[in-house]
Amino acid sequence: MNDTDVYRLEAVLALAASFPSVITAREIARQRGVPPKFLARLLSGLVRAGVIVTARGPNGGARLARAPEHVKVTEVLPVTEPEGRGGPGTIWLSRQLQEAARRTLAPLSLATLLREERRATEAHYEI
């Protein structure tokens, strides 16, 4: 994943964690370390994609358009088509990798990623 993909995913995970509440871009940036100026552009793209909704004003901010279990990872991180550069072997491998990514990501929702985050951050106590 490139930096843009990571920041996009971090932003929607912040929104998923607070669903159905609205949170500000400033709060998303603080929680997830996404550069604020870059975040505004990412949020605009997510609004156009129908993943989030925004509201202006003193109580404004952003929230997921649907519950986290209804937002697929592929809506946030679309699998791109291979560029078709290189020889036949390289092109074939690019297509295989793309198809593997599509199969792997297709069943995953934001709720799946939130469960993984929570599991990873739970305190582990040993006696």
# chains A, B, ... in the order shown; residues from 1 in each chain; ligands from 1
$ select_by_dssp --residues "chain A" --states "alpha helix (DSSP H)" --output "ChimeraX atom specification"
/A:3-18,25-32,36-48,73-76,88-105,110-121
$ residues_around --residues "Arg41 (chain A)" --least-positions-apart "3" --cutoff "12 Å" --atoms "only C-alpha atoms" --output "list of chain:residue names"
A:Thr4, A:Tyr7, A:Arg8, A:Ala11, A:Ala25, A:Val34, A:Pro35, A:Pro36, A:Lys37, A:Phe38, A:Ser44, A:Gly45, A:Leu46, A:Val47, A:Arg48
$ write_last_selection --atoms "N, CA and C atoms" --output "PDB file, in the first residue's frame"
ATOM      1  N   THR A   4      -0.978   7.184   0.374  1.00  0.00           N
ATOM      2  CA  THR A   4      -2.357   7.630   0.169  1.00  0.00           C
ATOM      3  C   THR A   4      -3.333   6.561   0.633  1.00  0.00           C
ATOM      4  N   TYR A   7      -3.318   6.433   4.514  1.00  0.00           N
ATOM      5  CA  TYR A   7      -4.035   7.574   5.100  1.00  0.00           C
ATOM      6  C   TYR A   7      -5.540   7.453   4.884  1.00  0.00           C
ATOM      7  N   ARG A   8      -5.955   7.022   3.701  1.00  0.00           N
ATOM      8  CA  ARG A   8      -7.381   6.858   3.407  1.00  0.00           C
ATOM      9  C   ARG A   8      -7.975   5.821   4.358  1.00  0.00           C
ATOM     10  N   ALA A  11      -8.217   7.117   7.943  1.00  0.00           N
ATOM     11  CA  ALA A  11      -9.327   8.062   8.098  1.00  0.00           C
ATOM     12  C   ALA A  11     -10.655   7.329   8.249  1.00  0.00           C
ATOM     13  N   ALA A  25     -12.445  16.604  11.028  1.00  0.00           N
ATOM     14  CA  ALA A  25     -11.210  16.257  10.326  1.00  0.00           C
ATOM     15  C   ALA A  25     -10.016  16.457  11.253  1.00  0.00           C
ATOM     16  N   VAL A  34      -2.870  11.527  10.225  1.00  0.00           N
ATOM     17  CA  VAL A  34      -3.003  11.875   8.813  1.00  0.00           C
ATOM     18  C   VAL A  34      -2.773  13.379   8.671  1.00  0.00           C
ATOM     19  N   PRO A  35      -1.885  13.804   7.769  1.00  0.00           N
ATOM     20  CA  PRO A  35      -1.659  15.243   7.588  1.00  0.00           C
ATOM     21  C   PRO A  35      -2.976  15.963   7.259  1.00  0.00           C
ATOM     22  N   PRO A  36      -3.330  17.009   8.022  1.00  0.00           N
ATOM     23  CA  PRO A  36      -4.623  17.676   7.855  1.00  0.00           C
ATOM     24  C   PRO A  36      -4.922  18.158   6.438  1.00  0.00           C
ATOM     25  N   LYS A  37      -3.958  18.760   5.765  1.00  0.00           N
ATOM     26  CA  LYS A  37      -4.228  19.256   4.408  1.00  0.00           C
ATOM     27  C   LYS A  37      -4.490  18.102   3.448  1.00  0.00           C
ATOM     28  N   PHE A  38      -3.798  17.019   3.624  1.00  0.00           N
ATOM     29  CA  PHE A  38      -3.986  15.841   2.789  1.00  0.00           C
ATOM     30  C   PHE A  38      -5.328  15.183   3.109  1.00  0.00           C
ATOM     31  N   SER A  44     -12.845  14.348   0.640  1.00  0.00           N
ATOM     32  CA  SER A  44     -13.642  14.722  -0.534  1.00  0.00           C
ATOM     33  C   SER A  44     -13.827  13.536  -1.467  1.00  0.00           C
ATOM     34  N   GLY A  45     -12.774  12.785  -1.703  1.00  0.00           N
ATOM     35  CA  GLY A  45     -12.868  11.609  -2.551  1.00  0.00           C
ATOM     36  C   GLY A  45     -13.778  10.544  -1.962  1.00  0.00           C
ATOM     37  N   LEU A  46     -13.742  10.385  -0.649  1.00  0.00           N
ATOM     38  CA  LEU A  46     -14.598   9.398   0.008  1.00  0.00           C
ATOM     39  C   LEU A  46     -16.063   9.813  -0.017  1.00  0.00           C
ATOM     40  N   VAL A  47     -16.328  11.122   0.012  1.00  0.00           N
ATOM     41  CA  VAL A  47     -17.703  11.611  -0.133  1.00  0.00           C
ATOM     42  C   VAL A  47     -18.201  11.278  -1.536  1.00  0.00           C
ATOM     43  N   ARG A  48     -17.385  11.568  -2.552  1.00  0.00           N
ATOM     44  CA  ARG A  48     -17.786  11.271  -3.939  1.00  0.00           C
ATOM     45  C   ARG A  48     -18.025   9.781  -4.154  1.00  0.00           C
TER      46      ARG A  48
END
$ residues_around --residues "Ala49 (chain A)" --least-positions-apart "5" --cutoff "10 Å" --atoms "only C-alpha atoms" --output "PyMOL selection string"
chain A and resi 43-44+75-76
$ residues_around --residues "Val71 (chain A)" --least-positions-apart "6" --cutoff "9 Å" --atoms "only C-alpha atoms" --output "PyMOL selection string"
chain A and resi 51+64-65+108-111
$ write_last_selection --atoms "N, CA and C atoms" --output "compact mmCIF listing (two decimals), in the first residue's frame"
# COMPACT_ATOMS: atom_id res chain seq x y z
N VAL A 51 -18.79 6.72 0.49
CA VAL A 51 -18.35 6.00 1.69
C VAL A 51 -18.65 6.81 2.95
N LEU A 64 -19.29 7.80 8.61
CA LEU A 64 -19.51 6.80 7.56
C LEU A 64 -20.93 6.91 7.05
N ALA A 65 -21.12 6.67 5.78
CA ALA A 65 -22.46 6.70 5.19
C ALA A 65 -23.29 5.49 5.61
N LEU A 108 -13.87 -8.55 3.01
CA LEU A 108 -13.53 -7.77 4.21
C LEU A 108 -14.32 -6.47 4.29
N SER A 109 -14.83 -6.20 5.50
CA SER A 109 -15.51 -4.93 5.76
C SER A 109 -14.66 -4.13 6.74
N LEU A 110 -15.06 -2.88 6.94
CA LEU A 110 -14.37 -2.06 7.94
C LEU A 110 -14.54 -2.64 9.33
N ALA A 111 -15.66 -3.31 9.57
CA ALA A 111 -15.88 -3.95 10.88
C ALA A 111 -14.82 -5.01 11.13
$ closest_residue --among "A:Val73, A:Val6, A:Leu39, A:Leu114" --to "Ala101 (chain A)" --atoms "only C-alpha atoms"
A:Val73
$ residues_around --residues "region 81-87 of chain A" --least-positions-apart "4" --cutoff "10 Å" --atoms "only C-alpha atoms" --output "list in words"
Ile91, Trp92, Leu93, Ser94, Arg95, Gln96, Leu97, Gln98 and Glu99 of chain A
$ write_last_selection --atoms "N, CA and C atoms" --output "PDB file, in the first residue's frame"
ATOM      1  N   ILE A  91       3.128  -8.974 -17.413  1.00  0.00           N
ATOM      2  CA  ILE A  91       1.704  -8.620 -17.512  1.00  0.00           C
ATOM      3  C   ILE A  91       0.851  -9.718 -16.892  1.00  0.00           C
ATOM      4  N   TRP A  92       1.186 -10.981 -17.182  1.00  0.00           N
ATOM      5  CA  TRP A  92       0.429 -12.100 -16.612  1.00  0.00           C
ATOM      6  C   TRP A  92       0.510 -12.068 -15.089  1.00  0.00           C
ATOM      7  N   LEU A  93       1.716 -11.856 -14.548  1.00  0.00           N
ATOM      8  CA  LEU A  93       1.892 -11.811 -13.093  1.00  0.00           C
ATOM      9  C   LEU A  93       1.108 -10.649 -12.489  1.00  0.00           C
ATOM     10  N   SER A  94       1.110  -9.505 -13.124  1.00  0.00           N
ATOM     11  CA  SER A  94       0.341  -8.352 -12.639  1.00  0.00           C
ATOM     12  C   SER A  94      -1.133  -8.691 -12.539  1.00  0.00           C
ATOM     13  N   ARG A  95      -1.657  -9.373 -13.525  1.00  0.00           N
ATOM     14  CA  ARG A  95      -3.079  -9.762 -13.516  1.00  0.00           C
ATOM     15  C   ARG A  95      -3.359 -10.778 -12.408  1.00  0.00           C
ATOM     16  N   GLN A  96      -2.427 -11.712 -12.195  1.00  0.00           N
ATOM     17  CA  GLN A  96      -2.599 -12.707 -11.131  1.00  0.00           C
ATOM     18  C   GLN A  96      -2.611 -12.024  -9.756  1.00  0.00           C
ATOM     19  N   LEU A  97      -1.703 -11.081  -9.556  1.00  0.00           N
ATOM     20  CA  LEU A  97      -1.641 -10.354  -8.291  1.00  0.00           C
ATOM     21  C   LEU A  97      -2.901  -9.529  -8.064  1.00  0.00           C
ATOM     22  N   GLN A  98      -3.379  -8.894  -9.118  1.00  0.00           N
ATOM     23  CA  GLN A  98      -4.601  -8.101  -9.014  1.00  0.00           C
ATOM     24  C   GLN A  98      -5.783  -8.983  -8.636  1.00  0.00           C
ATOM     25  N   GLU A  99      -5.918 -10.117  -9.265  1.00  0.00           N
ATOM     26  CA  GLU A  99      -7.026 -11.020  -8.970  1.00  0.00           C
ATOM     27  C   GLU A  99      -6.925 -11.571  -7.551  1.00  0.00           C
TER      28      GLU A  99
END
